[in-house]
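Scroll down for the structure; my scribbles are underneath it.
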Amino acid sequence: MKPRWDQIRANLGLWVLLAAFVAALLRVLTLQTAAVADNKKVVRMVHWQLEAGIAEAIQEVAQEYEKRHPDVRIEQILIGERGYATWVTTRLIGGTAPEIIEYGQVPPALLTQLLQRYFLPISDVILQPNPYNAGTELEGVPWKNTYNDDMSSAYHMDLLEYYAIPSSAFTVRLYYNKPLLKAATGLDVPPREFRAFLAACEQIKAYGRRTGLTLVPIAGAGKYNAPILFNRFEQVVGTTLLPEVDVNFDADASGEESAIAFLNGTVAFDDPRIRAMFRGREAYIEQFQPAFFPADRMDAAFLFIQQRAVMIASGSWDAASYAKQAPFEIGIVDFPLPARDDPEFGQFVLGPAVETLDGGFAFVINRTAPHAEEALDFMKFMTSQPMNDLLNRRIQWVPMIRGNAPAEFIAPFWPRIDGVKRGIWLDPGGYNWLKWNELLALHATGRAGFDEIIESYRATFVRNTDRWFRLDRARLARINQLQTEFRATAERGLAERGAGRPQKPRIILENLLARKYYDLEMTARYDAARAATRLPGGS
Amino acid sequence: MKARTQLRHYWTAYGFILPALLLILLFAYYPAASGIFHSFFFWNGQDISYFTGFENYRLLWNDPVFRRGFGLVFLLTVCNIVKMFPAIITAVWVHRLRSERAQYWYRVAFVVPMIVPGMVTILIWKLFYDPTIGPLNQILNATGLMKALVWLDQTFLHWNSFRPGSNPAWLGDTHLAVPALVFYGFPWVGTFGVLIYLAALQNIGTEIYEAADLDGCGWLRKFTSIELPLIMTQFRLNIILVFIGTLQDFGTILILFDQNGGPGGVVDVPGLYMYRQAFFLQNAGLACAAGIVLFSIIYVLTQINNRVIRKMT
């Protein structure tokens, strides 16, 4: 007996390997048998929403769909955010990607190629009514127009097609710990007026000192929660810069326009409105925990949940998660911002900050998958008025379909559609963004004041903007190459169908011209501003 | 002819190493060759690519952000070499334990932490440095050391990093970021280093120690004349690993601080610069050039290290 055991022990590695192989084989066979046995069409859906409740809400919608379509089964695949892009890309290339894929996480340049190669353009489909809206107020309304934003956020500018199918809208607000705020300040709700808000923050700090608690008014994270507050403040006090920056009169300040404004001197870096933006930033920094700048999203959330911070700025996507984790009652309010009567900032303020109702939590259809048609049908079902309502109530997100209202807890997230827009971007392009953030870290720790930061930023602005434009122009050249192919297709389409009727090829050509004009216009303006600039390194 | 005969005779052996060889070629040599190739291109890492000659190298040479990282790398390398000694001392101490059972348990104690993922270790240190809830500030406050640091700052340093009634921001202060990075990993008794030295020390025969005892050598003399020279091979290997690790590593800084290299970029290193160029600015060509520069420096330092230490031993 003993020699035999010795023999087994000597080959133990091989036995373990064989056992693992057999187990894996059996597992695959079992799964395949189960899939084939019920003879159903399996529509797979992948997303990165691992937070509790989201997969369950989708499952509920899927079960409703399966009741109506007994020959279809919806299967969810959950992949973490970090590995999502790699997982999707390799599956697409390998030809095994699921039918429905959550849109995002993939770098923009790669996304364009993937969309073009693998995903179903839905520009034609969305002009037809969604059949699952039958019996609702949206019956007969084109699918596109059942969305609050007419699906505008789903349009892909470079490819001139609609691909994504959104379900929810996302905005940002200030969350607060109701009992702690009450205990520290006696208030039920944080004040909306900026000065009163800062006074309440001082009360919170005093309460912390009095009770010996480690307590900060707002939990901040340098790249996440803090910029939410900074950006909203900059939007309000910098809005009067918009007429000076917006050279193409689209009522929006782009990064390119902002760079041009700084280069040609239309806007000076030490403009009083930019100085005011910094003053606001300094006021907020006083309310964050020390060293908020290197802190990340999780660190800030930890402070809030652990009741070391009374407030936190974050998006509607965190509402359900905070509510689940927090052992206290949470309130949600709009941000405190200076009004027109503010003694310091009032001169720059025209009104509150406007928000857009952009669609998120969007999915695209993989046209190379076996059941793409059923997948598209399921997405119509999921974005029908009743199902969109069900889904968003379960997840506690803001619904995107007309006629649906958010659940009571997240009602404060409904976007404000009256107000002023942002006037300028201070950090246009990746290189300037890096430099700007490097300097802001010094500002956040009191190591550099406004004048020092501006001086240092000015010194590298031309060089960093040049590097950004160089990359961006190369990207545009690549897009132009793609557009040439589209243009040929569109022209061929027009010739074949005749030019008399309004149709898709004509729309493509019109969009192409508009896009081309924008690129050329911006390039010409940039060249002129670059030649005339008096900033360091401009010669 | 001889080669062909050898191949015919040993074809099974060559067959066994072939898969490994192919994988190494595919995943190690091909990316390296691609890196050299693309360092001469303006390349976004995906679909935009055109030849620019030595432009990327010129940009690197003129980029103060890339250059500034080498100063910190030099400092960290010196510190990391000094940080090797606690591991050597610990290994010698464990080796000299008379009880074999105690030696065994110490070895086990050093192996167990290896199962903790590196990422977790970094996150624990990040929490340790947290100014609001981190244990470091709590310890300093509880022991009264914080007051001493405030006094030191106000009297000699004038950094304004330590203020009465306020916790210092170890990872967010320009003056404290580098010391925090150097202090990272305290007491610097790395598992890997200790085990390597222990393995080397176990090869020293007991007769050498007996002879040393007869000659009346004390513990220090035994260390300098017996143990240190006999672990020099491992020491040399570790120094090379320290050079390579310090020049290449940016993950710790990325997680502890951010992709910008901490407050004002004071803890920026060339590896982090390379990462930013490739994955944030989509300038993969420049990142490749930075990688080639780093590789060249590591290669030269390794050669120097080998020659100098070989002469020393």
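Naming works like this for the structure tokens: A, B, ... for the chains as they're shown, residue 1 at the start of each chain, ligands 1 onward in shown order.
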Sort by chain and increasing residue number a table of all residues of chain A within 9 Å of chain B, each with its closest pair of atoms and their distance in Å to one decimal, counting only C-alpha atoms, and write it as a tab-separated table.
residue	atom	partner	partner_atom	distance
A:Ala109	CA	B:Gln46	CA	7.5
A:Leu110	CA	B:Gln46	CA	7.0
A:Gln113	CA	B:Asp47	CA	9.0
A:Thr214	CA	B:Thr132	CA	7.0
A:Leu215	CA	B:Thr132	CA	8.5
A:Val216	CA	B:Thr132	CA	8.9
A:Gln289	CA	B:Thr132	CA	6.7
A:Pro290	CA	B:Ala169	CA	5.9
A:Ala291	CA	B:Gly172	CA	4.6
A:Phe292	CA	B:Gly172	CA	7.5
A:Phe293	CA	B:Gly172	CA	6.4
A:Pro294	CA	B:Phe257	CA	5.3
A:Ala295	CA	B:Phe257	CA	7.9
A:Asp296	CA	B:Asp258	CA	8.9
A:Asp299	CA	B:Leu127	CA	8.8
A:Leu303	CA	B:Ile133	CA	8.6
A:Arg308	CA	B:Thr132	CA	8.5
A:Gly429	CA	B:Leu281	CA	8.9
A:Gly430	CA	B:Leu281	CA	5.8
A:Tyr431	CA	B:Leu281	CA	7.2
A:Leu434	CA	B:Asn260	CA	6.6
A:Lys435	CA	B:Asn260	CA	8.4
A:Asn437	CA	B:Asn260	CA	7.5
A:Glu438	CA	B:Gly264	CA	4.6
A:Leu439	CA	B:Gly264	CA	5.7
A:Leu440	CA	B:Gly264	CA	7.8
A:Ala441	CA	B:Pro263	CA	4.8
A:Leu442	CA	B:Gly264	CA	5.4
A:His443	CA	B:Gly264	CA	9.0
A:Ala444	CA	B:Gly172	CA	8.6
A:Thr445	CA	B:Asp173	CA	6.2
A:Gly446	CA	B:Asp173	CA	9.0
A:Arg447	CA	B:Thr174	CA	7.7
A:Trp468	CA	B:Leu281	CA	8.5
A:Leu471	CA	B:Asn283	CA	7.9
A:Ala474	CA	B:Ile48	CA	6.8
A:Arg475	CA	B:Ile48	CA	6.9
A:Ala477	CA	B:Ile48	CA	8.9
A:Arg478	CA	B:Ile48	CA	6.9
Distance query stretch 399-414 of chain A at most 9 Å, only C-alpha atoms, self and fewer than 5 positions along chain excluded, as a JSON list (two decimals) with all heavy atoms, in the first residue's frame:
[["chain", "number", "residue", "atom", "x", "y", "z"],
["A", 137, "GLU", "N", -49.20, 58.19, -21.66],
["A", 137, "GLU", "CA", -49.29, 59.50, -22.32],
["A", 137, "GLU", "C", -48.26, 59.64, -23.45],
["A", 137, "GLU", "O", -48.34, 60.53, -24.28],
["A", 137, "GLU", "CB", -49.06, 60.61, -21.30],
["A", 137, "GLU", "CG", -47.68, 60.51, -20.64],
["A", 137, "GLU", "CD", -47.48, 61.46, -19.50],
["A", 137, "GLU", "OE1", -47.54, 62.67, -19.73],
["A", 137, "GLU", "OE2", -47.24, 60.98, -18.37],
["A", 138, "LEU", "N", -47.26, 58.72, -23.47],
["A", 138, "LEU", "CA", -46.21, 58.80, -24.49],
["A", 138, "LEU", "C", -46.48, 57.88, -25.69],
["A", 138, "LEU", "O", -45.61, 57.71, -26.54],
["A", 138, "LEU", "CB", -44.85, 58.46, -23.86],
["A", 138, "LEU", "CG", -44.37, 59.39, -22.75],
["A", 138, "LEU", "CD1", -43.09, 58.88, -22.12],
["A", 138, "LEU", "CD2", -44.17, 60.80, -23.27],
["A", 145, "ASN", "N", -38.12, 61.38, -28.43],
["A", 145, "ASN", "CA", -38.79, 62.49, -27.74],
["A", 145, "ASN", "C", -39.47, 62.09, -26.43],
["A", 145, "ASN", "O", -40.05, 62.93, -25.75],
["A", 145, "ASN", "CB", -39.83, 63.14, -28.67],
["A", 145, "ASN", "CG", -39.19, 63.63, -29.94],
["A", 145, "ASN", "OD1", -39.54, 63.21, -31.04],
["A", 145, "ASN", "ND2", -38.20, 64.49, -29.81],
["A", 146, "THR", "N", -39.33, 60.81, -26.07],
["A", 146, "THR", "CA", -39.86, 60.42, -24.75],
["A", 146, "THR", "C", -38.86, 60.78, -23.65],
["A", 146, "THR", "O", -39.17, 60.66, -22.47],
["A", 146, "THR", "CB", -40.16, 58.91, -24.68],
["A", 146, "THR", "OG1", -38.93, 58.20, -24.82],
["A", 146, "THR", "CG2", -41.13, 58.47, -25.75],
["A", 147, "TYR", "N", -37.66, 61.19, -24.06],
["A", 147, "TYR", "CA", -36.63, 61.57, -23.09],
["A", 147, "TYR", "C", -36.73, 63.04, -22.74],
["A", 147, "TYR", "O", -37.06, 63.87, -23.60],
["A", 147, "TYR", "CB", -35.24, 61.30, -23.67],
["A", 147, "TYR", "CG", -34.82, 59.86, -23.55],
["A", 147, "TYR", "CD1", -35.27, 58.92, -24.47],
["A", 147, "TYR", "CD2", -34.00, 59.44, -22.53],
["A", 147, "TYR", "CE1", -34.90, 57.59, -24.36],
["A", 147, "TYR", "CE2", -33.62, 58.11, -22.41],
["A", 147, "TYR", "CZ", -34.07, 57.19, -23.32],
["A", 147, "TYR", "OH", -33.70, 55.88, -23.20],
["A", 148, "ASN", "N", -36.40, 63.37, -21.51],
["A", 148, "ASN", "CA", -36.43, 64.76, -21.08],
["A", 148, "ASN", "C", -35.49, 65.64, -21.90],
["A", 148, "ASN", "O", -35.73, 66.83, -22.05],
["A", 148, "ASN", "CB", -36.04, 64.86, -19.60],
["A", 148, "ASN", "CG", -37.20, 64.47, -18.70],
["A", 148, "ASN", "OD1", -38.33, 64.87, -18.92],
["A", 148, "ASN", "ND2", -36.91, 63.65, -17.70],
["A", 149, "ASP", "N", -34.39, 65.08, -22.38],
["A", 149, "ASP", "CA", -33.44, 65.88, -23.18],
["A", 149, "ASP", "C", -33.51, 65.51, -24.66],
["A", 149, "ASP", "O", -32.58, 65.82, -25.41],
["A", 149, "ASP", "CB", -32.01, 65.66, -22.66],
["A", 149, "ASP", "CG", -31.51, 64.24, -22.92],
["A", 149, "ASP", "OD1", -32.34, 63.34, -23.15],
["A", 149, "ASP", "OD2", -30.29, 64.03, -22.89],
["A", 166, "PRO", "N", -29.95, 55.98, -22.64],
["A", 166, "PRO", "CA", -29.85, 56.30, -21.21],
["A", 166, "PRO", "C", -31.12, 55.94, -20.44],
["A", 166, "PRO", "O", -32.19, 55.77, -21.03],
["A", 166, "PRO", "CB", -29.64, 57.82, -21.19],
["A", 166, "PRO", "CG", -29.69, 58.28, -22.61],
["A", 166, "PRO", "CD", -30.22, 57.17, -23.45],
["A", 167, "SER", "N", -30.97, 55.88, -19.12],
["A", 167, "SER", "CA", -32.11, 55.58, -18.26],
["A", 167, "SER", "C", -32.30, 56.59, -17.15],
["A", 167, "SER", "O", -33.41, 56.75, -16.65],
["A", 167, "SER", "CB", -31.95, 54.20, -17.62],
["A", 167, "SER", "OG", -32.21, 53.20, -18.54],
["A", 168, "SER", "N", -31.22, 57.24, -16.73],
["A", 168, "SER", "CA", -31.31, 58.11, -15.55],
["A", 168, "SER", "C", -30.54, 59.41, -15.79],
["A", 168, "SER", "O", -29.72, 59.48, -16.69],
["A", 168, "SER", "CB", -30.70, 57.40, -14.33],
["A", 168, "SER", "OG", -31.20, 56.10, -14.22],
["A", 169, "ALA", "N", -30.84, 60.39, -14.96],
["A", 169, "ALA", "CA", -30.11, 61.66, -15.02],
["A", 169, "ALA", "C", -29.34, 61.83, -13.72],
["A", 169, "ALA", "O", -29.74, 61.30, -12.68],
["A", 169, "ALA", "CB", -31.09, 62.82, -15.19],
["A", 170, "PHE", "N", -28.24, 62.54, -13.79],
["A", 170, "PHE", "CA", -27.41, 62.70, -12.60],
["A", 170, "PHE", "C", -27.05, 64.16, -12.37],
["A", 170, "PHE", "O", -26.62, 64.85, -13.29],
["A", 170, "PHE", "CB", -26.13, 61.87, -12.73],
["A", 170, "PHE", "CG", -26.42, 60.41, -12.85],
["A", 170, "PHE", "CD1", -26.42, 59.78, -14.09],
["A", 170, "PHE", "CD2", -26.74, 59.66, -11.74],
["A", 170, "PHE", "CE1", -26.71, 58.43, -14.21],
["A", 170, "PHE", "CE2", -27.05, 58.32, -11.84],
["A", 170, "PHE", "CZ", -27.03, 57.70, -13.07],
["A", 171, "THR", "N", -27.24, 64.62, -11.15],
["A", 171, "THR", "CA", -26.81, 65.97, -10.76],
["A", 171, "THR", "C", -26.07, 65.87, -9.44],
["A", 171, "THR", "O", -25.99, 64.79, -8.85],
["A", 171, "THR", "CB", -28.02, 66.90, -10.60],
["A", 171, "THR", "OG1", -28.93, 66.31, -9.67],
["A", 171, "THR", "CG2", -28.71, 67.20, -11.90],
["A", 172, "VAL", "N", -25.57, 67.00, -8.98],
["A", 172, "VAL", "CA", -24.81, 67.01, -7.72],
["A", 172, "VAL", "C", -25.50, 67.92, -6.71],
["A", 172, "VAL", "O", -26.13, 68.92, -7.09],
["A", 172, "VAL", "CB", -23.35, 67.48, -7.95],
["A", 172, "VAL", "CG1", -22.53, 66.41, -8.62],
["A", 172, "VAL", "CG2", -23.30, 68.76, -8.76],
["A", 173, "ARG", "N", -25.39, 67.56, -5.45],
["A", 173, "ARG", "CA", -26.00, 68.33, -4.37],
["A", 173, "ARG", "C", -25.16, 68.20, -3.10],
["A", 173, "ARG", "O", -24.18, 67.46, -3.09],
["A", 173, "ARG", "CB", -27.43, 67.81, -4.07],
["A", 173, "ARG", "CG", -28.46, 68.10, -5.13],
["A", 173, "ARG", "CD", -28.85, 69.57, -5.16],
["A", 173, "ARG", "NE", -29.85, 69.83, -6.18],
["A", 173, "ARG", "CZ", -29.58, 70.14, -7.44],
["A", 173, "ARG", "NH1", -28.33, 70.19, -7.85],
["A", 173, "ARG", "NH2", -30.55, 70.40, -8.30],
["A", 315, "GLY", "N", -22.78, 63.34, -6.01],
["A", 315, "GLY", "CA", -23.81, 63.21, -7.03],
["A", 315, "GLY", "C", -24.98, 62.35, -6.60],
["A", 315, "GLY", "O", -24.92, 61.66, -5.57],
["A", 316, "SER", "N", -26.03, 62.37, -7.41],
["A", 316, "SER", "CA", -27.22, 61.58, -7.10],
["A", 316, "SER", "C", -26.90, 60.08, -7.12],
["A", 316, "SER", "O", -27.61, 59.28, -6.51],
["A", 316, "SER", "CB", -28.33, 61.90, -8.09],
["A", 316, "SER", "OG", -27.85, 61.85, -9.40],
["A", 319, "ALA", "N", -26.60, 58.60, -3.65],
["A", 319, "ALA", "CA", -27.70, 58.77, -2.69],
["A", 319, "ALA", "C", -28.08, 57.45, -2.01],
["A", 319, "ALA", "O", -28.12, 57.36, -0.78],
["A", 319, "ALA", "CB", -28.91, 59.37, -3.40],
["A", 320, "ALA", "N", -28.33, 56.43, -2.81],
["A", 320, "ALA", "CA", -28.78, 55.16, -2.24],
["A", 320, "ALA", "C", -27.69, 54.54, -1.37],
["A", 320, "ALA", "O", -27.97, 54.00, -0.30],
["A", 320, "ALA", "CB", -29.16, 54.20, -3.36],
["A", 331, "GLY", "N", -30.04, 64.48, 4.82],
["A", 331, "GLY", "CA", -30.79, 65.48, 4.08],
["A", 331, "GLY", "C", -30.02, 65.87, 2.83],
["A", 331, "GLY", "O", -28.80, 65.69, 2.76],
["A", 332, "ILE", "N", -30.72, 66.39, 1.84],
["A", 332, "ILE", "CA", -30.07, 66.80, 0.59],
["A", 332, "ILE", "C", -30.55, 68.21, 0.23],
["A", 332, "ILE", "O", -31.76, 68.46, 0.21],
["A", 332, "ILE", "CB", -30.40, 65.83, -0.57],
["A", 332, "ILE", "CG1", -29.95, 64.40, -0.21],
["A", 332, "ILE", "CG2", -29.76, 66.27, -1.87],
["A", 332, "ILE", "CD1", -30.58, 63.32, -1.07],
["A", 333, "VAL", "N", -29.61, 69.12, -0.02],
["A", 333, "VAL", "CA", -29.99, 70.49, -0.42],
["A", 333, "VAL", "C", -29.13, 70.97, -1.59],
["A", 333, "VAL", "O", -28.08, 70.39, -1.86],
["A", 333, "VAL", "CB", -29.81, 71.51, 0.73],
["A", 333, "VAL", "CG1", -30.89, 71.38, 1.75],
["A", 333, "VAL", "CG2", -28.43, 71.42, 1.34],
["A", 334, "ASP", "N", -29.61, 72.03, -2.23],
["A", 334, "ASP", "CA", -28.82, 72.67, -3.28],
["A", 334, "ASP", "C", -27.66, 73.43, -2.63],
["A", 334, "ASP", "O", -27.71, 73.72, -1.43],
["A", 334, "ASP", "CB", -29.71, 73.62, -4.10],
["A", 334, "ASP", "CG", -29.15, 73.83, -5.50],
["A", 334, "ASP", "OD1", -27.99, 73.45, -5.73],
["A", 334, "ASP", "OD2", -29.86, 74.39, -6.35],
["A", 357, "LEU", "N", -29.95, 68.54, -18.04],
["A", 357, "LEU", "CA", -30.62, 67.27, -17.76],
["A", 357, "LEU", "C", -30.06, 66.21, -18.71],
["A", 357, "LEU", "O", -30.70, 65.81, -19.67],
["A", 357, "LEU", "CB", -32.13, 67.45, -17.97],
["A", 357, "LEU", "CG", -33.04, 66.32, -17.50],
["A", 357, "LEU", "CD1", -32.94, 66.13, -16.01],
["A", 357, "LEU", "CD2", -34.48, 66.63, -17.87],
["A", 358, "ASP", "N", -28.82, 65.82, -18.47],
["A", 358, "ASP", "CA", -28.16, 64.87, -19.36],
["A", 358, "ASP", "C", -28.45, 63.43, -18.93],
["A", 358, "ASP", "O", -28.47, 63.14, -17.74],
["A", 358, "ASP", "CB", -26.65, 65.08, -19.36],
["A", 358, "ASP", "CG", -26.27, 66.39, -20.03],
["A", 358, "ASP", "OD1", -27.10, 66.89, -20.81],
["A", 358, "ASP", "OD2", -25.17, 66.89, -19.77],
["A", 359, "GLY", "N", -28.62, 62.59, -19.92],
["A", 359, "GLY", "CA", -28.89, 61.19, -19.63],
["A", 359, "GLY", "C", -27.63, 60.41, -19.30],
["A", 359, "GLY", "O", -26.61, 60.57, -19.95],
["A", 360, "GLY", "N", -27.71, 59.57, -18.28],
["A", 360, "GLY", "CA", -26.59, 58.70, -17.92],
["A", 360, "GLY", "C", -27.11, 57.29, -17.73],
["A", 360, "GLY", "O", -28.26, 57.00, -18.10],
["A", 383, "THR", "N", -36.75, 51.31, -21.08],
["A", 383, "THR", "CA", -36.86, 52.77, -21.11],
["A", 383, "THR", "C", -38.29, 53.22, -21.42],
["A", 383, "THR", "O", -38.51, 54.39, -21.75],
["A", 383, "THR", "CB", -35.89, 53.38, -22.14],
["A", 383, "THR", "OG1", -36.15, 52.77, -23.41],
["A", 383, "THR", "CG2", -34.44, 53.15, -21.75],
["A", 384, "SER", "N", -39.24, 52.30, -21.33],
["A", 384, "SER", "CA", -40.64, 52.72, -21.44],
["A", 384, "SER", "C", -41.00, 53.47, -20.16],
["A", 384, "SER", "O", -40.34, 53.30, -19.12],
["A", 384, "SER", "CB", -41.54, 51.50, -21.62],
["A", 384, "SER", "OG", -41.50, 50.71, -20.45],
["A", 385, "GLN", "N", -42.04, 54.26, -20.23],
["A", 385, "GLN", "CA", -42.37, 55.11, -19.07],
["A", 385, "GLN", "C", -42.57, 54.31, -17.77],
["A", 385, "GLN", "O", -41.95, 54.63, -16.74],
["A", 385, "GLN", "CB", -43.60, 55.96, -19.37],
["A", 385, "GLN", "CG", -43.75, 57.10, -18.41],
["A", 385, "GLN", "CD", -45.06, 57.84, -18.62],
["A", 385, "GLN", "OE1", -46.13, 57.24, -18.66],
["A", 385, "GLN", "NE2", -44.97, 59.16, -18.75],
["A", 386, "PRO", "N", -43.40, 53.23, -17.79],
["A", 386, "PRO", "CA", -43.60, 52.53, -16.51],
["A", 386, "PRO", "C", -42.35, 51.84, -15.98],
["A", 386, "PRO", "O", -42.08, 51.86, -14.79],
["A", 386, "PRO", "CB", -44.69, 51.50, -16.83],
["A", 386, "PRO", "CG", -44.92, 51.53, -18.29],
["A", 386, "PRO", "CD", -44.28, 52.73, -18.86],
["A", 388, "ASN", "N", -39.13, 52.58, -16.68],
["A", 388, "ASN", "CA", -38.14, 53.57, -16.27],
["A", 388, "ASN", "C", -38.46, 54.11, -14.88],
["A", 388, "ASN", "O", -37.58, 54.35, -14.05],
["A", 388, "ASN", "CB", -38.10, 54.71, -17.30],
["A", 388, "ASN", "CG", -37.05, 55.75, -16.98],
["A", 388, "ASN", "OD1", -37.35, 56.84, -16.50],
["A", 388, "ASN", "ND2", -35.80, 55.43, -17.24],
["A", 389, "ASP", "N", -39.77, 54.26, -14.63],
["A", 389, "ASP", "CA", -40.22, 54.72, -13.30],
["A", 389, "ASP", "C", -39.87, 53.67, -12.25],
["A", 389, "ASP", "O", -39.29, 53.98, -11.21],
["A", 389, "ASP", "CB", -41.73, 54.96, -13.36],
["A", 389, "ASP", "CG", -42.23, 55.57, -12.07],
["A", 389, "ASP", "OD1", -41.66, 56.60, -11.65],
["A", 389, "ASP", "OD2", -43.16, 55.01, -11.46],
["A", 391, "LEU", "N", -37.64, 51.23, -12.38],
["A", 391, "LEU", "CA", -36.19, 51.09, -12.24],
["A", 391, "LEU", "C", -35.61, 52.19, -11.35],
["A", 391, "LEU", "O", -34.88, 51.93, -10.39],
["A", 391, "LEU", "CB", -35.54, 51.14, -13.62],
["A", 391, "LEU", "CG", -34.03, 50.96, -13.66],
["A", 391, "LEU", "CD1", -33.67, 49.49, -13.57],
["A", 391, "LEU", "CD2", -33.44, 51.54, -14.95],
["A", 392, "ASN", "N", -35.95, 53.43, -11.66],
["A", 392, "ASN", "CA", -35.34, 54.55, -10.93],
["A", 392, "ASN", "C", -35.87, 54.69, -9.51],
["A", 392, "ASN", "O", -35.15, 55.18, -8.63],
["A", 392, "ASN", "CB", -35.52, 55.85, -11.72],
["A", 392, "ASN", "CG", -34.57, 55.91, -12.89],
["A", 392, "ASN", "OD1", -33.38, 56.07, -12.71],
["A", 392, "ASN", "ND2", -35.10, 55.72, -14.10],
["A", 393, "ARG", "N", -37.09, 54.26, -9.28],
["A", 393, "ARG", "CA", -37.59, 54.29, -7.89],
["A", 393, "ARG", "C", -36.85, 53.26, -7.04],
["A", 393, "ARG", "O", -36.53, 53.51, -5.89],
["A", 393, "ARG", "CB", -39.10, 54.01, -7.87],
["A", 393, "ARG", "CG", -39.88, 55.25, -8.14],
["A", 393, "ARG", "CD", -41.35, 55.12, -8.01],
["A", 393, "ARG", "NE", -41.92, 56.36, -8.50],
["A", 393, "ARG", "CZ", -42.00, 57.48, -7.77],
["A", 393, "ARG", "NH1", -41.59, 57.47, -6.53],
["A", 393, "ARG", "NH2", -42.52, 58.56, -8.29],
["A", 394, "ARG", "N", -36.59, 52.10, -7.66],
["A", 394, "ARG", "CA", -35.86, 51.07, -6.91],
["A", 394, "ARG", "C", -34.42, 51.51, -6.63],
["A", 394, "ARG", "O", -33.90, 51.33, -5.54],
["A", 394, "ARG", "CB", -35.83, 49.75, -7.71],
["A", 394, "ARG", "CG", -37.17, 49.08, -7.83],
["A", 394, "ARG", "CD", -37.54, 48.33, -6.54],
["A", 394, "ARG", "NE", -38.77, 47.60, -6.73],
["A", 394, "ARG", "CZ", -39.98, 48.13, -6.59],
["A", 394, "ARG", "NH1", -40.12, 49.40, -6.23],
["A", 394, "ARG", "NH2", -41.07, 47.40, -6.80]]
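Interatomic distance, atom CA of B:Gly35 against atom CA of B:Gly291: 7.7 Å.
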Exercise: B:Asn238 partners within 12 Å, only C-alpha atoms, chain neighbours under 2 positions left out, as a ChimeraX atom specification
/B:77,80-85,87-88,190,192-197,231-236,240-246,302,305-306,309
Take the residues from that selection and write them out as a PDB file, in the first residue's frame, keeping C-alpha atoms.
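For reference, part19.pdb as written:
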ATOM      1  CA  THR B  77      17.571  55.590  -3.470  1.00  0.00           C
ATOM      2  CA  ASN B  80      16.241  52.921   0.523  1.00  0.00           C
ATOM      3  CA  ILE B  81      19.857  51.698   0.716  1.00  0.00           C
ATOM      4  CA  VAL B  82      20.013  52.852   4.335  1.00  0.00           C
ATOM      5  CA  LYS B  83      16.650  51.154   4.891  1.00  0.00           C
ATOM      6  CA  MET B  84      18.251  47.832   3.861  1.00  0.00           C
ATOM      7  CA  PHE B  85      20.230  47.658   7.111  1.00  0.00           C
ATOM      8  CA  ALA B  87      16.608  43.856   7.408  1.00  0.00           C
ATOM      9  CA  ILE B  88      20.264  42.759   7.581  1.00  0.00           C
ATOM     10  CA  GLY B 190      10.985  43.898   4.651  1.00  0.00           C
ATOM     11  CA  PHE B 192      11.768  39.605   1.233  1.00  0.00           C
ATOM     12  CA  GLY B 193      15.077  41.124   2.333  1.00  0.00           C
ATOM     13  CA  VAL B 194      15.167  39.311   5.679  1.00  0.00           C
ATOM     14  CA  LEU B 195      14.496  35.929   4.080  1.00  0.00           C
ATOM     15  CA  ILE B 196      17.180  36.431   1.419  1.00  0.00           C
ATOM     16  CA  TYR B 197      19.780  37.371   4.035  1.00  0.00           C
ATOM     17  CA  ILE B 231      26.099  38.036   2.469  1.00  0.00           C
ATOM     18  CA  MET B 232      27.668  40.554   0.076  1.00  0.00           C
ATOM     19  CA  THR B 233      26.327  38.688  -2.976  1.00  0.00           C
ATOM     20  CA  GLN B 234      22.773  39.040  -1.640  1.00  0.00           C
ATOM     21  CA  PHE B 235      23.491  42.627  -0.612  1.00  0.00           C
ATOM     22  CA  ARG B 236      24.609  43.396  -4.166  1.00  0.00           C
ATOM     23  CA  ILE B 240      20.348  46.396  -7.792  1.00  0.00           C
ATOM     24  CA  LEU B 241      16.719  45.653  -6.902  1.00  0.00           C
ATOM     25  CA  VAL B 242      16.592  48.872  -4.856  1.00  0.00           C
ATOM     26  CA  PHE B 243      17.942  50.887  -7.810  1.00  0.00           C
ATOM     27  CA  ILE B 244      15.466  49.344 -10.214  1.00  0.00           C
ATOM     28  CA  GLY B 245      12.572  49.489  -7.764  1.00  0.00           C
ATOM     29  CA  THR B 246      13.138  53.104  -6.770  1.00  0.00           C
ATOM     30  CA  THR B 302      23.455  48.229 -12.524  1.00  0.00           C
ATOM     31  CA  ASN B 305      27.056  48.737  -9.073  1.00  0.00           C
ATOM     32  CA  ASN B 306      28.237  45.319 -10.240  1.00  0.00           C
ATOM     33  CA  ILE B 309      30.798  46.046  -5.356  1.00  0.00           C
TER      34      ILE B 309
END
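Coordinates place atom CA of B:Ile298 at a distance of 15.6 Å from atom CA of B:Leu75.
All residues in stretch 278-330 of chain A with a DSSP state of alpha helix (DSSP H), computed from the backbone, read Phe278, Arg279, Gly280, Arg281, Glu282, Ala283, Tyr284, Ile285, Arg297, Met298, Asp299, Ala300, Ala301, Phe302, Leu303, Phe304, Ile305, Ala319, Ala320, Ser321, Tyr322, Ala323, Lys324 and Gln325 of chain A.
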